[in-house]
$ cat structure.tsv   # TSV, C-alpha atoms and all ligand atoms
chain	number	residue	atom	x	y	z
A	1	MET	CA	-2.61	-22.41	-65.80
A	2	THR	CA	-2.66	-19.15	-63.92
A	3	PRO	CA	-2.39	-19.52	-60.17
A	4	ARG	CA	-5.16	-18.07	-58.11
A	5	LYS	CA	-4.70	-15.73	-55.20
A	6	THR	CA	-2.30	-16.95	-52.59
A	7	GLY	CA	-3.64	-18.41	-49.37
A	8	ARG	CA	-2.22	-17.93	-45.92
A	9	ARG	CA	-2.01	-21.02	-43.82
A	10	SER	CA	-1.27	-20.61	-40.17
A	11	ALA	CA	-4.21	-22.07	-38.26
A	12	PRO	CA	-3.06	-24.74	-35.83
A	13	GLY	CA	-5.09	-27.92	-35.44
A	14	PRO	CA	-5.54	-30.25	-32.48
A	15	ARG	CA	-2.40	-31.14	-30.56
A	16	VAL	CA	-0.86	-34.58	-30.75
A	17	SER	CA	1.58	-36.52	-28.64
A	18	ALA	CA	3.26	-38.58	-31.34
A	19	ARG	CA	6.48	-40.38	-30.51
A	20	GLY	CA	9.17	-41.54	-32.86
A	21	ARG	CA	12.87	-41.67	-33.61
A	22	ARG	CA	15.44	-39.43	-32.05
A	23	PRO	CA	16.46	-36.32	-33.91
A	24	GLU	CA	19.67	-36.67	-35.86
A	25	SER	CA	21.10	-33.18	-35.66
A	26	GLY	CA	20.51	-29.64	-34.51
A	27	ALA	CA	22.68	-27.31	-32.46
A	28	ALA	CA	20.02	-26.24	-30.00
A	29	ALA	CA	17.80	-29.23	-30.49
A	30	ARG	CA	17.99	-32.25	-28.28
A	31	ALA	CA	16.34	-35.64	-28.07
A	32	SER	CA	13.76	-36.02	-25.35
A	33	GLY	CA	14.60	-38.47	-22.61
A	34	SER	CA	17.86	-36.69	-21.80
A	35	ARG	CA	18.19	-33.96	-19.20
A	36	PRO	CA	16.42	-30.75	-20.13
A	37	ALA	CA	18.67	-28.21	-21.82
A	38	ALA	CA	19.05	-24.94	-19.97
A	39	SER	CA	16.90	-22.30	-21.66
A	40	ALA	CA	18.38	-18.92	-22.40
A	41	PRO	CA	16.63	-16.00	-20.69
A	42	GLY	CA	13.47	-15.09	-22.52
A	43	THR	CA	13.13	-18.45	-24.20
A	44	THR	CA	10.71	-21.30	-23.66
A	45	PRO	CA	11.34	-24.95	-24.40
A	46	VAL	CA	9.29	-26.23	-27.31
A	47	ARG	CA	8.92	-30.01	-27.40
A	48	PHE	CA	7.54	-31.46	-30.57
A	49	VAL	CA	7.96	-34.22	-33.10
A	50	VAL	CA	9.79	-33.40	-36.30
A	51	ASN	CA	9.77	-35.97	-39.07
A	52	GLY	CA	9.03	-38.69	-36.54
A	53	ALA	CA	11.78	-37.65	-34.13
A	54	GLU	CA	11.22	-35.99	-30.78
A	55	ALA	CA	12.93	-32.65	-30.49
A	56	GLU	CA	13.27	-29.84	-28.00
A	57	VAL	CA	14.25	-26.31	-28.94
A	58	ALA	CA	14.51	-23.14	-26.87
A	59	ALA	CA	12.37	-20.55	-28.63
A	60	ARG	CA	11.68	-16.88	-28.10
A	61	PRO	CA	8.13	-15.57	-28.36
A	62	SER	CA	9.06	-13.85	-31.63
A	63	ASP	CA	10.48	-16.99	-33.24
A	64	ARG	CA	8.61	-18.54	-36.13
A	65	LEU	CA	8.41	-22.24	-36.80
A	66	LEU	CA	10.55	-21.51	-39.87
A	67	ASP	CA	13.30	-20.10	-37.65
A	68	ILE	CA	13.62	-23.16	-35.44
A	69	LEU	CA	13.40	-25.58	-38.36
A	70	ARG	CA	16.08	-23.90	-40.44
A	71	GLY	CA	18.14	-22.74	-37.44
A	72	PRO	CA	18.71	-25.11	-34.53
A	73	LEU	CA	17.19	-28.13	-36.26
A	74	GLY	CA	19.14	-27.57	-39.48
A	75	LEU	CA	16.20	-28.52	-41.70
A	76	THR	CA	17.03	-26.14	-44.52
A	77	GLY	CA	14.82	-27.92	-47.04
A	78	THR	CA	12.09	-25.58	-45.80
A	79	LYS	CA	12.58	-22.37	-47.76
A	80	GLU	CA	11.87	-18.74	-46.98
A	81	GLY	CA	10.57	-16.69	-49.87
A	82	CYS	CA	8.34	-13.77	-48.97
A	83	GLY	CA	8.32	-14.28	-45.21
A	84	ALA	CA	4.77	-12.95	-45.22
A	85	GLY	CA	2.45	-15.85	-45.97
A	86	GLU	CA	2.15	-15.13	-49.68
A	87	CYS	CA	4.38	-17.58	-51.55
A	88	GLY	CA	4.10	-20.94	-49.79
A	89	ALA	CA	7.83	-21.70	-50.09
A	90	CYS	CA	7.92	-22.34	-46.34
A	91	THR	CA	5.03	-24.82	-46.31
A	92	VAL	CA	5.36	-27.66	-43.82
A	93	LEU	CA	2.78	-30.01	-42.37
A	94	VAL	CA	1.65	-29.50	-38.79
A	95	ASP	CA	-0.42	-32.43	-37.60
A	96	GLY	CA	-0.80	-33.32	-41.26
A	97	ARG	CA	-2.06	-29.94	-42.40
A	98	PRO	CA	-0.11	-27.52	-44.58
A	99	VAL	CA	0.88	-24.31	-42.81
A	100	ASN	CA	3.14	-21.43	-43.69
A	101	ALA	CA	6.06	-21.84	-41.31
A	102	CYS	CA	6.89	-18.15	-41.72
A	103	LEU	CA	3.61	-17.26	-40.01
A	104	PHE	CA	3.38	-20.09	-37.52
A	105	PRO	CA	4.69	-19.14	-34.05
A	106	ALA	CA	7.39	-21.51	-32.87
A	107	LEU	CA	5.82	-21.75	-29.44
A	108	GLU	CA	2.63	-23.05	-31.08
A	109	ALA	CA	4.54	-26.09	-32.31
A	110	ASP	CA	4.76	-27.44	-28.76
A	111	GLY	CA	3.11	-30.87	-28.59
A	112	ARG	CA	2.55	-31.10	-32.34
A	113	ALA	CA	3.91	-33.24	-35.15
A	114	VAL	CA	5.73	-31.36	-37.90
A	115	THR	CA	6.72	-32.81	-41.27
A	116	THR	CA	9.25	-31.11	-43.49
A	117	ILE	CA	10.51	-32.14	-46.91
A	118	GLU	CA	13.32	-34.06	-45.19
A	119	GLY	CA	10.70	-36.30	-43.60
A	120	LEU	CA	9.04	-37.54	-46.77
A	121	GLY	CA	11.66	-39.89	-48.14
A	122	GLY	CA	12.45	-43.42	-47.08
A	123	PRO	CA	15.14	-44.43	-44.57
A	124	ALA	CA	17.76	-44.89	-47.29
A	125	GLY	CA	16.97	-41.57	-48.90
A	126	GLU	CA	14.42	-42.89	-51.38
A	127	LEU	CA	12.12	-40.23	-52.76
A	128	SER	CA	8.45	-40.34	-51.88
A	129	ASP	CA	5.98	-41.05	-54.67
A	130	VAL	CA	5.10	-37.36	-54.88
A	131	GLN	CA	8.78	-36.35	-55.04
A	132	ARG	CA	9.42	-38.88	-57.80
A	133	ALA	CA	6.43	-37.67	-59.78
A	134	PHE	CA	7.67	-34.07	-59.57
A	135	VAL	CA	11.04	-35.12	-60.96
A	136	GLU	CA	9.60	-37.33	-63.68
A	137	CYS	CA	7.04	-34.77	-64.84
A	138	GLY	CA	9.51	-31.90	-65.00
A	139	ALA	CA	7.65	-30.10	-62.23
A	140	ILE	CA	10.93	-28.87	-60.71
A	141	GLN	CA	13.20	-26.25	-62.24
A	142	CYS	CA	15.03	-24.03	-59.77
A	143	GLY	CA	13.44	-26.08	-56.98
A	144	PHE	CA	12.86	-23.24	-54.56
A	145	CYS	CA	9.09	-23.76	-54.45
A	146	SER	CA	9.31	-27.54	-54.64
A	147	PRO	CA	9.46	-28.53	-50.94
A	148	GLY	CA	6.36	-26.49	-50.19
A	149	MET	CA	4.56	-27.69	-53.30
A	150	ILE	CA	5.35	-31.31	-52.54
A	151	LEU	CA	4.22	-31.05	-48.93
A	152	ALA	CA	0.97	-29.35	-49.95
A	153	ALA	CA	0.41	-32.07	-52.55
A	154	THR	CA	1.21	-34.78	-50.01
A	155	ALA	CA	-1.43	-33.39	-47.66
A	156	LEU	CA	-3.94	-33.25	-50.51
A	157	LEU	CA	-3.40	-36.89	-51.49
A	158	ALA	CA	-3.75	-38.03	-47.90
A	159	GLU	CA	-7.23	-36.57	-47.93
A	160	HIS	CA	-8.19	-37.00	-51.59
A	161	PRO	CA	-6.58	-40.06	-53.20
A	162	ASP	CA	-8.17	-39.27	-56.56
A	163	PRO	CA	-8.26	-35.47	-56.75
A	164	THR	CA	-9.73	-33.52	-59.61
A	165	ASP	CA	-7.59	-30.92	-61.32
A	166	GLY	CA	-9.66	-28.32	-59.51
A	167	GLN	CA	-8.86	-29.87	-56.15
A	168	ILE	CA	-5.18	-29.99	-57.04
A	169	ARG	CA	-5.16	-26.32	-58.01
A	170	ASP	CA	-7.09	-25.39	-54.87
A	171	ALA	CA	-4.62	-27.31	-52.69
A	172	LEU	CA	-1.69	-25.50	-54.30
A	173	VAL	CA	-3.30	-22.09	-54.41
A	174	GLY	CA	-0.98	-20.80	-51.68
A	175	ASN	CA	2.19	-22.04	-53.40
A	176	LEU	CA	3.75	-19.87	-56.06
A	177	CYS	CA	6.21	-21.05	-58.70
A	178	ARG	CA	8.24	-18.64	-60.80
A	179	CYS	CA	9.54	-21.29	-63.20
A	180	THR	CA	7.28	-24.11	-64.34
A	181	GLY	CA	3.97	-22.50	-65.29
A	182	TYR	CA	2.10	-24.98	-63.05
A	183	VAL	CA	1.04	-27.38	-65.83
A	184	GLN	CA	3.74	-29.90	-64.95
A	185	ILE	CA	3.07	-29.47	-61.25
A	186	VAL	CA	-0.60	-30.37	-61.63
A	187	GLU	CA	0.40	-33.23	-63.89
A	188	ALA	CA	2.86	-34.49	-61.26
A	189	VAL	CA	0.23	-34.51	-58.54
A	190	ARG	CA	-2.15	-36.34	-60.83
A	191	ALA	CA	0.58	-38.88	-61.68
A	192	ALA	CA	1.46	-39.41	-58.01
A	193	ALA	CA	-2.21	-39.99	-57.20
A	194	ALA	CA	-2.55	-42.54	-60.00
A	195	ARG	CA	0.62	-44.33	-58.95
A	196	ARG	CA	-0.49	-44.41	-55.35
A	197	ARG	CA	-3.87	-45.86	-56.24
A	198	THR	CA	-2.18	-48.54	-58.34
A	199	ALA	CA	0.31	-49.34	-55.59
A	200	GLY	CA	-2.41	-49.42	-52.94
A	201	GLY	CA	-0.90	-46.64	-50.85
A	202	ALA	CA	1.90	-44.11	-50.48
A	203	ARG	CA	5.41	-45.28	-51.42
B	1	LIG	S1	8.05	-17.60	-47.01
B	1	LIG	FE1	6.26	-18.26	-45.99
B	1	LIG	S2	4.66	-17.87	-47.40
B	1	LIG	FE2	6.43	-17.05	-48.36
B	2	LIG	S1	10.66	-24.44	-59.74
B	2	LIG	FE1	11.52	-22.45	-59.53
B	2	LIG	S2	10.05	-21.39	-58.30
B	2	LIG	FE2	9.11	-23.27	-58.75
$ encode --input "structure.tsv" --output "structure tokens"
Amino acid sequence: MTPRKTGRRSAPGPRVSARGRRPESGAAARASGSRPAASAPGTTPVRFVVNGAEAEVAARPSDRLLDILRGPLGLTGTKEGCGAGECGACTVLVDGRPVNACLFPALEADGRAVTTIEGLGGPAGELSDVQRAFVECGAIQCGFCSPGMILAATALLAEHPDPTDGQIRDALVGNLCRCTGYVQIVEAVRAAAARRRTAGGAR
């Protein structure tokens, strides 16, 4: 399958006030409930929920969501490819919707819920159903595109439990893969959808 034109995803949705577990790491990140960290000059505190954990990061106006995820929060599963909204390697979910973290201003994350690839697995490190399907179908080779692909597919299945191949391709139109040729990726999403329907929900 030949991928269609890439799609840029940066539009924020409605804000949320989700609450969850404390963040586990991050040099400049801190759990909410403790005393506010002093912000460096020219920075603004961004309070948001990352993978179910409340976090606070001091961000500059020029910072991208990608910068604060990979930097102070240490969530390096989110990849940077083009840095220009063309490849989808940096895809994360903001309030459940896929966005390109390389285009999304860090300050815009305030009050939102962000999911990265680190947030998909179970508490003991179990893979999500979509992650397992990617492995089983051979939809991962070098793996650089995989976090973004898997997050885009996860968002698709949340909205369309039984997607057509066309819907799968449309959902992944902004995610480029240099390795697999896309056939296995579409197959993996289809397999994850079928497994999820059989199981009665995401696993
Ligand atoms: S790194 Fe964000 S779209 Fe390529
Ligand atoms: S698996 Fe290598 S870029 Fe997709």
$ closest_residue --input "structure.tsv" --among "A:Pro105, A:Cys87, A:Leu93, A:Asp110" --to "Glu56 of chain A" --atoms "only C-alpha atoms"
A:Asp110
$ closest_residue --input "structure.tsv" --among "A:Leu151, A:Ala84, A:Leu75, A:Ala40" --to "Leu120 of chain A" --atoms "all atoms listed in the file"
A:Leu151
$ residues_near_ligand --input "structure.tsv" --ligand "ligand LIG 1 (chain B)" --cutoff "10 Å" --atoms "only C-alpha atoms and all ligand atoms" --output "PyMOL selection string"
chain A and resi 6-10+66+78-92+99-104+145+148+174-176
$ write_last_selection --input "structure.tsv" --atoms "C-alpha atoms" --output "compact mmCIF listing (two decimals), keeping the file's coordinate frame"
# COMPACT_ATOMS: atom_id res chain seq x y z
CA THR A 6 -2.30 -16.95 -52.59
CA GLY A 7 -3.64 -18.41 -49.37
CA ARG A 8 -2.22 -17.93 -45.92
CA ARG A 9 -2.01 -21.02 -43.82
CA SER A 10 -1.27 -20.61 -40.17
CA LEU A 66 10.55 -21.51 -39.87
CA THR A 78 12.09 -25.58 -45.80
CA LYS A 79 12.58 -22.37 -47.76
CA GLU A 80 11.87 -18.74 -46.98
CA GLY A 81 10.57 -16.69 -49.87
CA CYS A 82 8.34 -13.77 -48.97
CA GLY A 83 8.32 -14.28 -45.21
CA ALA A 84 4.77 -12.95 -45.22
CA GLY A 85 2.45 -15.85 -45.97
CA GLU A 86 2.15 -15.13 -49.68
CA CYS A 87 4.38 -17.58 -51.55
CA GLY A 88 4.10 -20.94 -49.79
CA ALA A 89 7.83 -21.70 -50.09
CA CYS A 90 7.92 -22.34 -46.34
CA THR A 91 5.03 -24.82 -46.31
CA VAL A 92 5.36 -27.66 -43.82
CA VAL A 99 0.88 -24.31 -42.81
CA ASN A 100 3.14 -21.43 -43.69
CA ALA A 101 6.06 -21.84 -41.31
CA CYS A 102 6.89 -18.15 -41.72
CA LEU A 103 3.61 -17.26 -40.01
CA PHE A 104 3.38 -20.09 -37.52
CA CYS A 145 9.09 -23.76 -54.45
CA GLY A 148 6.36 -26.49 -50.19
CA GLY A 174 -0.98 -20.80 -51.68
CA ASN A 175 2.19 -22.04 -53.40
CA LEU A 176 3.75 -19.87 -56.06
$ closest_residue --input "structure.tsv" --among "A:Pro45, A:Gly201, A:Pro161, A:Gly181" --to "ligand LIG 2 (chain B)" --atoms "all atoms listed in the file"
A:Gly181
$ atom_distance --input "structure.tsv" --atom1 "atom CA of Glu108 of chain A" --atom2 "atom CA of Val50 of chain A"
13.6 Å
$ atom_distance --input "structure.tsv" --atom1 "atom CA of Gln184 of chain A" --atom2 "atom CA of Arg97 of chain A"
23.3 Å
$ atom_distance --input "structure.tsv" --atom1 "atom CA of Ser146 of chain A" --atom2 "atom CA of Ala58 of chain A"
28.6 Å
$ decode --input "structure.tsv" --residues "segment 66-92 of chain A" --atoms "C-alpha atoms" --output "short mmCIF file (atom, residue, chain, number, x, y, z; two decimals), in the first residue's frame"
data_model
loop_
_atom_site.label_atom_id
_atom_site.label_comp_id
_atom_site.auth_asym_id
_atom_site.auth_seq_id
_atom_site.Cartn_x
_atom_site.Cartn_y
_atom_site.Cartn_z
CA LEU A 66 7.86 17.05 22.22
CA ASP A 67 10.58 18.96 24.07
CA ILE A 68 9.01 18.65 27.50
CA LEU A 69 8.06 15.01 27.00
CA ARG A 70 11.50 13.87 25.88
CA GLY A 71 13.39 16.38 28.06
CA PRO A 72 12.27 16.97 31.64
CA LEU A 73 9.74 14.15 31.66
CA GLY A 74 12.16 11.63 30.15
CA LEU A 75 9.51 10.04 27.93
CA THR A 76 11.81 9.21 25.05
CA GLY A 77 9.42 6.72 23.49
CA THR A 78 8.05 9.72 21.61
CA LYS A 79 10.34 10.13 18.61
CA GLU A 80 11.41 13.12 16.57
CA GLY A 81 11.74 12.52 12.86
CA CYS A 82 11.14 15.51 10.63
CA GLY A 83 10.31 18.02 13.35
CA ALA A 84 7.93 19.65 10.89
CA GLY A 85 4.62 17.81 11.10
CA GLU A 86 5.27 15.54 8.13
CA CYS A 87 6.25 12.11 9.45
CA GLY A 88 4.09 11.41 12.50
CA ALA A 89 6.95 9.87 14.51
CA CYS A 90 6.16 12.27 17.36
CA THR A 91 2.45 11.41 17.53
CA VAL A 92 0.96 11.45 21.03
#
